[in-house]
file target.cif (mmCIF, C-alpha atoms)
data_structure
loop_
_atom_site.label_atom_id
_atom_site.label_comp_id
_atom_site.auth_asym_id
_atom_site.auth_seq_id
_atom_site.Cartn_x
_atom_site.Cartn_y
_atom_site.Cartn_z
CA MET A 1218 -40.70 106.86 54.78
CA ASP A 1219 -43.32 104.16 55.00
CA PHE A 1220 -45.39 103.60 51.87
CA THR A 1221 -47.35 100.79 50.23
CA ILE A 1222 -47.64 99.88 46.57
CA ARG A 1223 -50.89 98.20 45.53
CA ALA A 1224 -53.23 97.63 42.59
CA ALA A 1225 -55.61 100.52 41.93
CA THR A 1226 -59.33 100.06 42.59
CA LEU A 1227 -62.43 101.90 41.37
CA GLU A 1228 -62.32 104.11 44.48
CA ASP A 1229 -58.84 105.34 43.52
CA CYS A 1230 -60.06 106.97 40.30
CA LYS A 1231 -60.69 110.29 42.03
CA ASP A 1232 -57.05 110.51 43.15
CA ILE A 1233 -55.74 109.10 39.86
CA SER A 1234 -57.66 111.81 38.03
CA ARG A 1235 -56.21 114.46 40.38
CA MET A 1236 -52.66 113.20 39.80
CA ILE A 1237 -53.13 112.90 36.02
CA LEU A 1238 -53.94 116.61 36.01
CA GLU A 1239 -50.89 117.34 38.20
CA LEU A 1240 -48.66 115.40 35.77
CA ALA A 1241 -50.22 117.16 32.76
CA GLU A 1242 -49.56 120.50 34.43
CA TYR A 1243 -45.92 119.49 35.00
CA GLU A 1244 -45.66 118.60 31.28
CA LYS A 1245 -47.22 122.01 30.51
CA VAL A 1246 -50.24 120.61 28.66
CA LEU A 1247 -53.11 120.77 31.17
CA ASP A 1248 -55.60 121.90 28.49
CA GLN A 1249 -55.10 118.60 26.62
CA VAL A 1250 -56.68 116.43 29.32
CA LYS A 1251 -60.15 115.36 28.19
CA ILE A 1252 -60.52 112.25 30.36
CA THR A 1253 -62.74 112.51 33.42
CA GLN A 1254 -62.86 110.45 36.60
CA ARG A 1255 -65.91 108.68 35.15
CA ASP A 1256 -64.02 107.75 31.95
CA LEU A 1257 -61.25 106.24 34.09
CA GLU A 1258 -63.79 104.22 36.05
CA GLN A 1259 -65.39 102.87 32.87
CA ASP A 1260 -62.20 102.30 30.91
CA GLY A 1261 -60.08 100.82 33.70
CA PHE A 1262 -62.51 98.85 35.80
CA SER A 1263 -65.03 97.19 33.51
CA LYS A 1264 -64.92 93.64 32.13
CA ASN A 1265 -62.32 94.42 29.46
CA PRO A 1266 -60.13 97.14 30.94
CA PHE A 1267 -58.05 99.29 28.60
CA PHE A 1268 -55.48 99.95 31.29
CA HIS A 1269 -54.39 98.85 34.77
CA GLY A 1270 -53.27 101.05 37.65
CA ILE A 1271 -50.87 100.89 40.60
CA ILE A 1272 -51.12 103.29 43.55
CA ALA A 1273 -48.50 104.42 46.07
CA GLU A 1274 -50.05 105.24 49.40
CA VAL A 1275 -48.60 106.70 52.62
CA PRO A 1276 -50.02 106.35 56.16
CA GLU A 1277 -52.33 109.08 57.47
CA HIS A 1278 -49.60 110.78 59.53
CA HIS A 1279 -47.49 111.29 56.38
CA LYS A 1280 -50.27 112.72 54.24
CA SER A 1281 -49.58 115.61 51.85
CA GLY A 1282 -49.97 119.28 52.64
CA GLU A 1283 -53.52 119.15 51.24
CA GLY A 1284 -54.42 115.93 53.06
CA HIS A 1285 -53.81 113.25 50.40
CA THR A 1286 -52.50 109.79 51.26
CA LYS A 1287 -52.43 108.55 47.66
CA VAL A 1288 -49.22 110.15 46.50
CA GLY A 1289 -48.14 108.38 43.32
CA TYR A 1290 -49.46 106.16 40.54
CA SER A 1291 -48.59 104.26 37.41
CA LEU A 1292 -50.94 103.39 34.53
CA TYR A 1293 -49.92 100.54 32.26
CA PHE A 1294 -51.34 98.11 29.69
CA TYR A 1295 -50.18 95.12 27.73
CA SER A 1296 -48.93 95.50 24.21
CA TYR A 1297 -47.22 93.32 21.63
CA SER A 1298 -43.95 93.34 19.78
CA SER A 1299 -44.00 91.54 16.45
CA PHE A 1300 -40.34 90.66 17.14
CA LYS A 1301 -40.45 89.49 20.72
CA GLY A 1302 -44.09 89.02 21.67
CA ARG A 1303 -45.78 90.14 24.88
CA ALA A 1304 -44.72 93.53 26.20
CA VAL A 1305 -45.91 95.93 28.89
CA TYR A 1306 -46.31 99.63 28.21
CA MET A 1307 -45.96 102.03 31.13
CA GLU A 1308 -48.19 104.94 30.11
CA ASP A 1309 -47.86 107.18 33.18
CA LEU A 1310 -45.51 107.23 36.18
CA TYR A 1311 -45.96 110.04 38.70
CA VAL A 1312 -45.06 110.85 42.30
CA MET A 1313 -46.23 114.09 43.93
CA PRO A 1314 -43.25 116.51 44.25
CA GLU A 1315 -43.22 116.52 48.07
CA PHE A 1316 -42.84 112.71 48.11
CA ARG A 1317 -39.98 112.38 45.66
CA GLY A 1318 -36.52 111.11 46.48
CA LYS A 1319 -37.86 108.33 48.75
CA GLY A 1320 -37.84 105.42 46.32
CA ILE A 1321 -41.56 105.59 45.52
CA GLY A 1322 -41.11 106.08 41.76
CA LYS A 1323 -38.69 103.18 41.60
CA ALA A 1324 -41.08 101.00 43.62
CA LEU A 1325 -44.00 101.81 41.29
CA MET A 1326 -41.90 101.01 38.25
CA SER A 1327 -40.66 97.82 39.88
CA LYS A 1328 -44.26 96.70 40.51
CA VAL A 1329 -45.19 97.24 36.86
CA SER A 1330 -42.10 95.24 35.84
CA GLN A 1331 -43.08 92.39 38.18
CA LEU A 1332 -46.61 92.27 36.83
CA GLY A 1333 -45.31 92.44 33.27
CA LEU A 1334 -42.85 89.59 33.82
CA ALA A 1335 -45.58 87.53 35.53
CA ALA A 1336 -47.75 87.99 32.43
CA GLY A 1337 -44.96 86.69 30.20
CA CYS A 1338 -43.66 90.02 28.91
CA THR A 1339 -40.06 90.34 27.77
CA GLN A 1340 -39.86 94.12 27.62
CA MET A 1341 -41.34 97.32 28.97
CA ASN A 1342 -41.77 100.41 26.81
CA PHE A 1343 -42.68 104.02 27.62
CA THR A 1344 -42.05 107.54 26.32
CA VAL A 1345 -40.28 110.49 27.93
CA LEU A 1346 -40.16 114.11 26.80
CA ASP A 1347 -36.74 115.17 25.60
CA TRP A 1348 -36.58 118.21 27.94
CA ASN A 1349 -37.36 116.12 31.01
CA LYS A 1350 -33.74 115.65 32.08
CA SER A 1351 -34.40 114.36 35.61
CA SER A 1352 -36.72 111.63 34.26
CA LEU A 1353 -34.33 110.77 31.42
CA ASP A 1354 -31.51 110.35 33.98
CA PHE A 1355 -33.70 108.27 36.33
CA TYR A 1356 -34.66 105.86 33.54
CA LEU A 1357 -31.19 105.52 32.07
CA LYS A 1358 -29.98 104.61 35.58
CA GLN A 1359 -32.54 101.75 35.69
CA GLY A 1360 -30.97 100.21 32.58
CA CYS A 1361 -33.40 101.58 29.98
CA TRP A 1362 -32.30 102.79 26.61
CA ASP A 1363 -33.56 105.48 24.28
CA VAL A 1364 -35.00 103.78 21.17
CA THR A 1365 -35.71 107.11 19.46
CA SER A 1366 -32.10 108.17 19.85
CA ASP A 1367 -30.44 104.82 19.17
CA LEU A 1368 -32.65 103.46 16.36
CA GLY A 1369 -34.24 106.66 15.07
CA TYR A 1370 -37.79 105.51 15.83
CA HIS A 1371 -40.28 108.37 15.86
CA CYS A 1372 -43.69 108.21 17.58
CA MET A 1373 -46.41 109.11 15.09
CA ARG A 1374 -50.05 109.99 15.57
CA CYS A 1375 -53.11 110.17 13.31
CA GLU A 1376 -56.09 111.82 15.03
CA GLY A 1377 -59.27 113.90 14.69
CA ASP A 1378 -60.04 114.98 11.10
CA ALA A 1379 -57.07 113.09 9.70
CA LEU A 1380 -58.33 109.84 11.28
CA GLU A 1381 -61.89 110.44 10.03
CA GLN A 1382 -60.62 111.17 6.53
CA LEU A 1383 -58.49 108.07 6.53
CA ALA A 1384 -61.57 106.06 7.50
CA GLN A 1385 -63.55 107.61 4.61
CA GLY A 1386 -60.47 106.84 2.57
CA ASP A 1387 -60.31 108.46 -0.77
CA LEU A 1388 -56.66 109.43 -0.87
CA MET B 932 -54.35 93.05 -10.92
CA ALA B 933 -55.93 94.04 -7.94
CA LYS B 934 -58.35 91.57 -6.73
CA PHE B 935 -57.68 91.15 -3.05
CA ILE B 936 -59.63 90.81 0.16
CA LEU B 937 -58.93 92.11 3.63
CA ARG B 938 -60.08 89.92 6.47
CA LYS B 939 -59.55 89.21 10.13
CA ALA B 940 -56.64 86.81 10.66
CA GLU B 941 -57.49 83.28 11.74
CA PRO B 942 -55.37 80.74 13.66
CA LYS B 943 -54.43 79.04 10.38
CA ASP B 944 -52.75 82.30 9.24
CA VAL B 945 -50.02 82.35 11.92
CA SER B 946 -47.44 80.77 9.63
CA ASP B 947 -47.97 83.49 7.01
CA ILE B 948 -48.08 86.22 9.66
CA LEU B 949 -44.69 85.11 11.01
CA ARG B 950 -43.27 84.96 7.49
CA LEU B 951 -44.41 88.54 6.82
CA ILE B 952 -43.14 89.76 10.24
CA LYS B 953 -39.71 88.38 9.31
CA GLU B 954 -39.83 89.97 5.85
CA LEU B 955 -40.59 93.36 7.40
CA ALA B 956 -37.85 92.83 10.00
CA LYS B 957 -35.40 92.03 7.19
CA PHE B 958 -36.30 95.30 5.50
CA GLU B 959 -35.55 97.07 8.82
CA GLU B 960 -32.29 95.12 9.00
CA MET B 961 -33.36 93.46 12.25
CA GLU B 962 -34.26 89.96 11.12
CA ASP B 963 -32.14 88.28 13.81
CA GLN B 964 -34.18 90.05 16.51
CA VAL B 965 -37.42 88.20 15.75
CA ILE B 966 -37.71 85.53 18.42
CA LEU B 967 -41.49 85.15 18.17
CA THR B 968 -42.72 81.70 17.11
CA GLU B 969 -45.95 80.47 15.48
CA LYS B 970 -46.91 78.99 18.84
CA ASP B 971 -46.54 82.44 20.53
CA LEU B 972 -48.64 84.07 17.82
CA LEU B 973 -51.33 81.41 18.24
CA GLU B 974 -51.47 81.70 22.04
CA ASP B 975 -51.19 85.48 22.14
CA GLY B 976 -53.60 86.34 19.36
CA PHE B 977 -56.33 83.74 19.50
CA GLY B 978 -56.92 82.97 23.16
CA ASP B 979 -59.44 84.47 25.62
CA HIS B 980 -57.53 87.73 26.09
CA PRO B 981 -55.65 88.45 22.89
CA PHE B 982 -52.56 90.63 23.17
CA TYR B 983 -52.93 91.71 19.56
CA HIS B 984 -55.38 91.77 16.63
CA CYS B 985 -54.43 91.08 13.06
CA MET B 986 -55.82 91.77 9.60
CA VAL B 987 -54.48 90.00 6.50
CA ALA B 988 -54.60 90.81 2.78
CA GLU B 989 -55.26 87.79 0.59
CA VAL B 990 -55.14 87.42 -3.21
CA PRO B 991 -56.82 84.66 -5.25
CA LYS B 992 -54.72 81.58 -6.11
CA GLN B 993 -54.10 82.69 -9.68
CA HIS B 994 -52.47 85.89 -8.38
CA GLN B 995 -50.35 84.40 -5.63
CA SER B 996 -46.73 85.51 -5.14
CA ALA B 997 -43.77 84.11 -7.06
CA ASP B 998 -43.05 81.69 -4.21
CA GLY B 999 -46.66 80.59 -3.92
CA HIS B 1000 -48.16 82.76 -1.14
CA ALA B 1001 -51.74 84.03 -1.16
CA ILE B 1002 -51.42 86.04 2.08
CA ILE B 1003 -49.44 89.03 0.84
CA GLY B 1004 -49.92 91.74 3.47
CA PHE B 1005 -50.91 92.23 7.09
CA ALA B 1006 -51.44 94.70 9.90
CA MET B 1007 -50.99 93.88 13.57
CA TYR B 1008 -52.58 96.23 16.10
CA TYR B 1009 -53.88 96.51 19.66
CA PHE B 1010 -55.71 98.98 21.85
CA THR B 1011 -53.86 101.29 24.22
CA TYR B 1012 -54.83 104.10 26.59
CA ASP B 1013 -53.88 107.72 27.00
CA PRO B 1014 -55.06 109.06 30.37
CA TRP B 1015 -55.66 112.45 28.74
CA ILE B 1016 -57.79 111.41 25.76
CA GLY B 1017 -58.73 107.76 26.34
CA LYS B 1018 -58.67 104.77 24.01
CA LEU B 1019 -56.21 104.61 21.14
CA LEU B 1020 -55.48 102.14 18.38
CA TYR B 1021 -51.80 101.25 18.19
CA LEU B 1022 -50.51 99.98 14.86
CA GLU B 1023 -47.61 97.64 15.64
CA ASP B 1024 -46.80 96.29 12.17
CA PHE B 1025 -48.06 97.14 8.71
CA TYR B 1026 -46.59 95.47 5.61
CA VAL B 1027 -47.39 94.57 2.00
CA MET B 1028 -45.04 92.28 0.04
CA LYS B 1029 -42.93 94.21 -2.45
CA GLU B 1030 -44.40 92.60 -5.58
CA PHE B 1031 -47.93 93.63 -4.46
CA ARG B 1032 -47.27 97.30 -3.82
CA GLY B 1033 -48.76 100.14 -5.82
CA PHE B 1034 -52.22 98.53 -6.06
CA GLY B 1035 -53.80 100.38 -3.18
CA ILE B 1036 -53.60 97.44 -0.77
CA GLY B 1037 -51.71 99.43 1.88
CA SER B 1038 -54.16 102.33 1.62
CA GLU B 1039 -57.09 99.96 1.94
CA ILE B 1040 -55.56 98.34 5.06
CA LEU B 1041 -55.02 101.74 6.63
CA LYS B 1042 -58.58 102.75 5.76
CA LYS B 1043 -59.97 99.60 7.42
CA LEU B 1044 -57.84 100.21 10.52
CA SER B 1045 -59.04 103.81 10.77
CA GLN B 1046 -62.63 102.62 10.48
CA THR B 1047 -61.96 100.18 13.32
CA ALA B 1048 -60.48 103.01 15.37
CA VAL B 1049 -63.45 105.30 14.76
CA ARG B 1050 -65.98 102.50 15.36
CA THR B 1051 -64.39 101.57 18.71
CA ARG B 1052 -64.27 105.24 19.71
CA CYS B 1053 -60.52 105.59 19.71
CA SER B 1054 -59.46 109.24 19.51
CA SER B 1055 -56.30 108.47 17.65
CA MET B 1056 -54.13 105.90 15.91
CA HIS B 1057 -50.46 105.74 16.97
CA PHE B 1058 -47.46 103.95 15.51
CA ILE B 1059 -43.70 104.36 15.15
CA VAL B 1060 -41.65 104.89 12.03
CA ALA B 1061 -37.88 104.88 11.67
CA GLU B 1062 -36.64 108.35 10.75
CA TRP B 1063 -34.58 106.98 7.83
CA ASN B 1064 -37.71 105.40 6.26
CA LYS B 1065 -38.62 108.39 4.08
CA PRO B 1066 -41.17 106.66 1.77
CA SER B 1067 -43.16 105.46 4.82
CA ILE B 1068 -42.95 108.83 6.57
CA ASP B 1069 -44.23 110.55 3.39
CA PHE B 1070 -47.01 107.92 3.03
CA TYR B 1071 -48.21 108.64 6.58
CA LYS B 1072 -47.78 112.42 6.47
CA ARG B 1073 -49.84 112.53 3.24
CA ARG B 1074 -52.62 110.96 5.28
CA GLY B 1075 -52.43 113.59 8.02
CA ALA B 1076 -50.14 111.85 10.54
CA SER B 1077 -47.95 114.04 12.73
CA ASP B 1078 -44.51 113.18 14.05
CA LEU B 1079 -44.75 113.45 17.85
CA SER B 1080 -41.05 112.86 18.43
CA HIS B 1081 -40.26 115.80 16.20
CA GLU B 1082 -43.12 118.12 17.19
CA GLU B 1083 -43.46 117.43 20.92
CA GLY B 1084 -40.10 115.89 21.82
CA TRP B 1085 -41.31 112.40 22.80
CA ARG B 1086 -38.59 109.76 22.97
CA LEU B 1087 -39.45 106.06 23.04
CA PHE B 1088 -37.68 104.09 25.76
CA LYS B 1089 -37.31 100.40 26.31
CA ILE B 1090 -36.17 98.13 29.16
CA ASP B 1091 -35.39 94.52 28.32
CA LYS B 1092 -36.16 91.41 30.39
CA GLN B 1093 -32.76 91.29 32.08
CA ASN B 1094 -33.11 94.79 33.45
CA LEU B 1095 -36.77 94.23 34.34
CA LEU B 1096 -35.70 91.27 36.49
CA LYS B 1097 -32.95 93.36 38.05
CA MET B 1098 -35.47 96.04 38.95
CA THR B 1099 -37.90 93.60 40.53
CA ASN B 1100 -35.13 92.03 42.61
CA GLU B 1101 -33.84 95.30 43.98
CA GLU B 1102 -36.32 95.94 46.73
#
call {"tool": "encode", "arguments": {"input": "target.cif", "output": "structure tokens"}}
result
Amino acid sequence: MDFTIRAATLEDCKDISRMILELAEYEKVLDQVKITQRDLEQDGFSKNPFFHGIIAEVPEHHKSGEGHTKVGYSLYFYSYSSFKGRAVYMEDLYVMPEFRGKGIGKALMSKVSQLGLAAGCTQMNFTVLDWNKSSLDFYLKQGCWDVTSDLGYHCMRCEGDALEQLAQGDL
Amino acid sequence: MAKFILRKAEPKDVSDILRLIKELAKFEEMEDQVILTEKDLLEDGFGDHPFYHCMVAEVPKQHQSADGHAIIGFAMYYFTYDPWIGKLLYLEDFYVMKEFRGFGIGSEILKKLSQTAVRTRCSSMHFIVAEWNKPSIDFYKRRGASDLSHEEGWRLFKIDKQNLLKMTNEE
């Protein structure tokens, strides 16, 4: 199947927002999405963007059942390893179910890798849910390794009241 | 003791920052993995588009460490993005030299970071901790942090440069 991979633009935020919700639904946490299309526009396309996006698009005659031509996306940003320096973090990678198995996911990931390497990054990081076997298999096949499993690194979060209290800081 | 100041790192601090990065890496038994140089830290942290931000803890000359250092702690962080909740502060490294622990320096650093997070409208602060590092895990849990790997099943993955190149060449 014919598809193109390109940088996301402001106009893509509507479809990115749609697909974020689809991905959240797949991960069974739809109620956790607070970000709106407007937030994406502000946070991704202003002078100092907090993320960058890549879109996978198919020609009109291959559009989805509901008429969409933007069928996959990846959101990424640059991060930093105190050991190795510049790194790229792939925050989201998603292809609509009816367009899977055609190399689109791999192409999106490859584009993020290219952009990361061009920016001087020496590694790419991302997280995967432990029950997501098909994704785990896909990534292991690309030569990735599971840092949580191999080194025992756990992802931690401090948010909401805990973050506010830490900022007030009397502990 | 306890006179110390926390301030934004300056270009002149890169030598101390690298020293502390290596000390922390040694504690994690990964000292040989630090390939970052002072030049990298300078370019990546103090140019037009910094890849990281850094805060240092400094003591007065009369309180400097046994081997003559006045910069005795640091935190390296950057901003990331969660498409569900927006901006986040990611804490990459956080370290206080052994002889300066127990004086509240670590707590003060964390407080300052949380204030930065709240002020820049980040909904959360994220970081990773090795599961064998019980004192650190307790330190963070006491301050309201939750373990996402444990509670939600997130696994951190990594792809190194070699495999990134392989992926970009396979098109």
call {"tool": "closest_atom_pairs", "arguments": {"input": "target.cif", "of": "chain B", "to": "chain A", "cutoff": "6 Å", "atoms": "only C-alpha atoms", "output": "JSON lines"}}
result
{"residue": "B:Val965", "atom": "CA", "partner": "A:Phe1300", "partner_atom": "CA", "distance": 4.1}
{"residue": "B:Ile966", "atom": "CA", "partner": "A:Lys1301", "partner_atom": "CA", "distance": 5.3}
{"residue": "B:Leu967", "atom": "CA", "partner": "A:Lys1301", "partner_atom": "CA", "distance": 5.1}
{"residue": "B:Trp1015", "atom": "CA", "partner": "A:Val1250", "partner_atom": "CA", "distance": 4.1}
{"residue": "B:Ile1016", "atom": "CA", "partner": "A:Lys1251", "partner_atom": "CA", "distance": 5.2}
{"residue": "B:Lys1042", "atom": "CA", "partner": "A:Ala1384", "partner_atom": "CA", "distance": 4.8}
{"residue": "B:Ser1045", "atom": "CA", "partner": "A:Ala1384", "partner_atom": "CA", "distance": 4.7}
{"residue": "B:Gln1046", "atom": "CA", "partner": "A:Ala1384", "partner_atom": "CA", "distance": 4.7}
{"residue": "B:Ser1055", "atom": "CA", "partner": "A:Glu1376", "partner_atom": "CA", "distance": 4.3}
{"residue": "B:Met1056", "atom": "CA", "partner": "A:Cys1375", "partner_atom": "CA", "distance": 5.1}
{"residue": "B:His1057", "atom": "CA", "partner": "A:Arg1374", "partner_atom": "CA", "distance": 4.5}
{"residue": "B:Phe1058", "atom": "CA", "partner": "A:Met1373", "partner_atom": "CA", "distance": 5.3}
{"residue": "B:Ile1059", "atom": "CA", "partner": "A:Cys1372", "partner_atom": "CA", "distance": 4.6}
{"residue": "B:Val1060", "atom": "CA", "partner": "A:His1371", "partner_atom": "CA", "distance": 5.4}
{"residue": "B:Ala1061", "atom": "CA", "partner": "A:Tyr1370", "partner_atom": "CA", "distance": 4.2}
{"residue": "B:Glu1062", "atom": "CA", "partner": "A:Gly1369", "partner_atom": "CA", "distance": 5.2}
{"residue": "B:Gly1075", "atom": "CA", "partner": "A:Ala1379", "partner_atom": "CA", "distance": 5.0}
{"residue": "B:Ala1076", "atom": "CA", "partner": "A:Cys1375", "partner_atom": "CA", "distance": 4.4}
{"residue": "B:Ser1077", "atom": "CA", "partner": "A:Arg1374", "partner_atom": "CA", "distance": 5.4}
{"residue": "B:Asp1078", "atom": "CA", "partner": "A:Met1373", "partner_atom": "CA", "distance": 4.6}
{"residue": "B:Leu1079", "atom": "CA", "partner": "A:Cys1372", "partner_atom": "CA", "distance": 5.4}
{"residue": "B:Ser1080", "atom": "CA", "partner": "A:His1371", "partner_atom": "CA", "distance": 5.2}
{"residue": "B:Gly1084", "atom": "CA", "partner": "A:Asp1347", "partner_atom": "CA", "distance": 5.1}
{"residue": "B:Trp1085", "atom": "CA", "partner": "A:Leu1346", "partner_atom": "CA", "distance": 4.5}
{"residue": "B:Arg1086", "atom": "CA", "partner": "A:Thr1365", "partner_atom": "CA", "distance": 5.3}
{"residue": "B:Leu1087", "atom": "CA", "partner": "A:Thr1344", "partner_atom": "CA", "distance": 4.4}
{"residue": "B:Phe1088", "atom": "CA", "partner": "A:Asp1363", "partner_atom": "CA", "distance": 4.6}
{"residue": "B:Lys1089", "atom": "CA", "partner": "A:Asn1342", "partner_atom": "CA", "distance": 4.5}
{"residue": "B:Ile1090", "atom": "CA", "partner": "A:Cys1361", "partner_atom": "CA", "distance": 4.5}
{"residue": "B:Asp1091", "atom": "CA", "partner": "A:Gln1340", "partner_atom": "CA", "distance": 4.5}
{"residue": "B:Lys1092", "atom": "CA", "partner": "A:Thr1339", "partner_atom": "CA", "distance": 4.8}
{"residue": "B:Asn1094", "atom": "CA", "partner": "A:Gly1360", "partner_atom": "CA", "distance": 5.9}
{"residue": "B:Leu1095", "atom": "CA", "partner": "A:Ser1330", "partner_atom": "CA", "distance": 5.6}
{"residue": "B:Met1098", "atom": "CA", "partner": "A:Ser1327", "partner_atom": "CA", "distance": 5.6}
{"residue": "B:Thr1099", "atom": "CA", "partner": "A:Ser1327", "partner_atom": "CA", "distance": 5.1}
call {"tool": "atom_distance", "arguments": {"input": "target.cif", "atom1": "atom CA of B:Pro991", "atom2": "atom CA of B:Lys934"}}
result
7.2 Å
call {"tool": "closest_residue", "arguments": {"input": "target.cif", "among": "B:Cys1053, B:Ile1002, B:Ile952, B:Ile1036", "to": "B:Gly1017", "atoms": "all atoms listed in the file"}}
result
B:Cys1053
call {"tool": "atom_distance", "arguments": {"input": "target.cif", "atom1": "atom CA of A:Tyr1311", "atom2": "atom CA of A:Ser1352"}}
result
10.4 Å
call {"tool": "atom_distance", "arguments": {"input": "target.cif", "atom1": "atom CA of B:His980", "atom2": "atom CA of A:Ser1263"}}
result
14.2 Å
call {"tool": "resolve_selection", "arguments": {"input": "target.cif", "expression": "the PyMOL selection byres ((chain A and resi 1225-1228) around 10)", "output": "list in words"}}
result
Ile1222, Arg1223, Ala1224, Asp1229, Cys1230, Lys1231, Asp1232, Ile1233, Gln1254, Arg1255, Leu1257, Glu1258, Gln1259, Gly1261, Phe1262, Ser1263, His1269, Gly1270, Ile1271, Ile1272, Ala1273, Tyr1290, Ser1291 and Leu1292 of chain A
call {"tool": "residues_near_point", "arguments": {"input": "target.cif", "point": "(-47.6, 90.0, 9.9)", "cutoff": "9 Å", "atoms": "all atoms listed in the file", "output": "PyMOL selection string"}}
result
(chain A and resi 1299) or (chain B and resi 945+947-955+985-987+1004-1007+1024-1026)
call {"tool": "write_last_selection", "arguments": {"input": "target.cif", "atoms": "C-alpha atoms", "output": "short mmCIF file (atom, residue, chain, number, x, y, z; two decimals), in the coordinates of the input"}}
result
data_model
loop_
_atom_site.label_atom_id
_atom_site.label_comp_id
_atom_site.auth_asym_id
_atom_site.auth_seq_id
_atom_site.Cartn_x
_atom_site.Cartn_y
_atom_site.Cartn_z
CA SER A 1299 -44.00 91.54 16.45
CA VAL B 945 -50.02 82.35 11.92
CA ASP B 947 -47.97 83.49 7.01
CA ILE B 948 -48.08 86.22 9.66
CA LEU B 949 -44.69 85.11 11.01
CA ARG B 950 -43.27 84.96 7.49
CA LEU B 951 -44.41 88.54 6.82
CA ILE B 952 -43.14 89.76 10.24
CA LYS B 953 -39.71 88.38 9.31
CA GLU B 954 -39.83 89.97 5.85
CA LEU B 955 -40.59 93.36 7.40
CA CYS B 985 -54.43 91.08 13.06
CA MET B 986 -55.82 91.77 9.60
CA VAL B 987 -54.48 90.00 6.50
CA GLY B 1004 -49.92 91.74 3.47
CA PHE B 1005 -50.91 92.23 7.09
CA ALA B 1006 -51.44 94.70 9.90
CA MET B 1007 -50.99 93.88 13.57
CA ASP B 1024 -46.80 96.29 12.17
CA PHE B 1025 -48.06 97.14 8.71
CA TYR B 1026 -46.59 95.47 5.61
#
call {"tool": "residues_around", "arguments": {"input": "target.cif", "residues": "A:His1279", "least_positions_apart": "4", "cutoff": "10 Å", "atoms": "all atoms listed in the file", "output": "list in words"}}
result
Met1218, Asp1219, Phe1220, Glu1274, Val1275, Gly1284, His1285, Thr1286 and Phe1316 of chain A
call {"tool": "axis_aligned_box", "arguments": {"input": "target.cif", "around": "stretch 1062-1073 of chain B", "padding_each_side": "5 Å", "output": "JSON"}}
result
{"center_x": -42.2, "center_y": 109.0, "center_z": 6.3, "size_x": 25.3, "size_y": 17.1, "size_z": 19.0}
call {"tool": "closest_residue", "arguments": {"input": "target.cif", "among": "B:His1000, B:Arg938, B:His1081, B:Arg1073", "to": "B:Ser1038", "atoms": "only C-alpha atoms"}}
result
B:Arg1073
call {"tool": "decode", "arguments": {"input": "target.cif", "residues": "stretch 961-973 of chain B", "atoms": "N, CA and C atoms", "output": "PDB file, in the first residue's frame"}}
result
ATOM      1  N   MET B 961      28.060   1.839  36.852  1.00  0.00           N
ATOM      2  CA  MET B 961      28.025   2.001  35.394  1.00  0.00           C
ATOM      3  C   MET B 961      29.002   3.073  34.944  1.00  0.00           C
ATOM      4  N   GLU B 962      30.058   3.269  35.715  1.00  0.00           N
ATOM      5  CA  GLU B 962      30.975   4.368  35.426  1.00  0.00           C
ATOM      6  C   GLU B 962      31.561   4.319  34.017  1.00  0.00           C
ATOM      7  N   ASP B 963      31.832   3.111  33.519  1.00  0.00           N
ATOM      8  CA  ASP B 963      32.441   2.973  32.190  1.00  0.00           C
ATOM      9  C   ASP B 963      31.471   3.351  31.061  1.00  0.00           C
ATOM     10  N   GLN B 964      30.192   3.554  31.398  1.00  0.00           N
ATOM     11  CA  GLN B 964      29.217   3.889  30.353  1.00  0.00           C
ATOM     12  C   GLN B 964      29.098   5.382  30.095  1.00  0.00           C
ATOM     13  N   VAL B 965      29.769   6.190  30.932  1.00  0.00           N
ATOM     14  CA  VAL B 965      29.666   7.644  30.731  1.00  0.00           C
ATOM     15  C   VAL B 965      30.628   8.070  29.635  1.00  0.00           C
ATOM     16  N   ILE B 966      30.078   8.436  28.468  1.00  0.00           N
ATOM     17  CA  ILE B 966      30.952   8.855  27.374  1.00  0.00           C
ATOM     18  C   ILE B 966      30.856  10.367  27.148  1.00  0.00           C
ATOM     19  N   LEU B 967      29.964  11.008  27.895  1.00  0.00           N
ATOM     20  CA  LEU B 967      29.762  12.445  27.776  1.00  0.00           C
ATOM     21  C   LEU B 967      31.040  13.189  28.155  1.00  0.00           C
ATOM     22  N   THR B 968      31.326  14.306  27.444  1.00  0.00           N
ATOM     23  CA  THR B 968      32.512  15.096  27.779  1.00  0.00           C
ATOM     24  C   THR B 968      32.078  16.486  28.245  1.00  0.00           C
ATOM     25  N   GLU B 969      33.015  17.269  28.750  1.00  0.00           N
ATOM     26  CA  GLU B 969      32.715  18.641  29.169  1.00  0.00           C
ATOM     27  C   GLU B 969      32.236  19.449  27.968  1.00  0.00           C
ATOM     28  N   LYS B 970      32.842  19.187  26.823  1.00  0.00           N
ATOM     29  CA  LYS B 970      32.492  19.901  25.598  1.00  0.00           C
ATOM     30  C   LYS B 970      31.022  19.638  25.231  1.00  0.00           C
ATOM     31  N   ASP B 971      30.590  18.341  25.342  1.00  0.00           N
ATOM     32  CA  ASP B 971      29.186  17.987  25.072  1.00  0.00           C
ATOM     33  C   ASP B 971      28.267  18.750  26.014  1.00  0.00           C
ATOM     34  N   LEU B 972      28.613  18.729  27.301  1.00  0.00           N
ATOM     35  CA  LEU B 972      27.778  19.390  28.308  1.00  0.00           C
ATOM     36  C   LEU B 972      27.651  20.885  28.015  1.00  0.00           C
ATOM     37  N   LEU B 973      28.745  21.479  27.586  1.00  0.00           N
ATOM     38  CA  LEU B 973      28.761  22.911  27.270  1.00  0.00           C
ATOM     39  C   LEU B 973      27.847  23.219  26.084  1.00  0.00           C
TER      40      LEU B 973
END
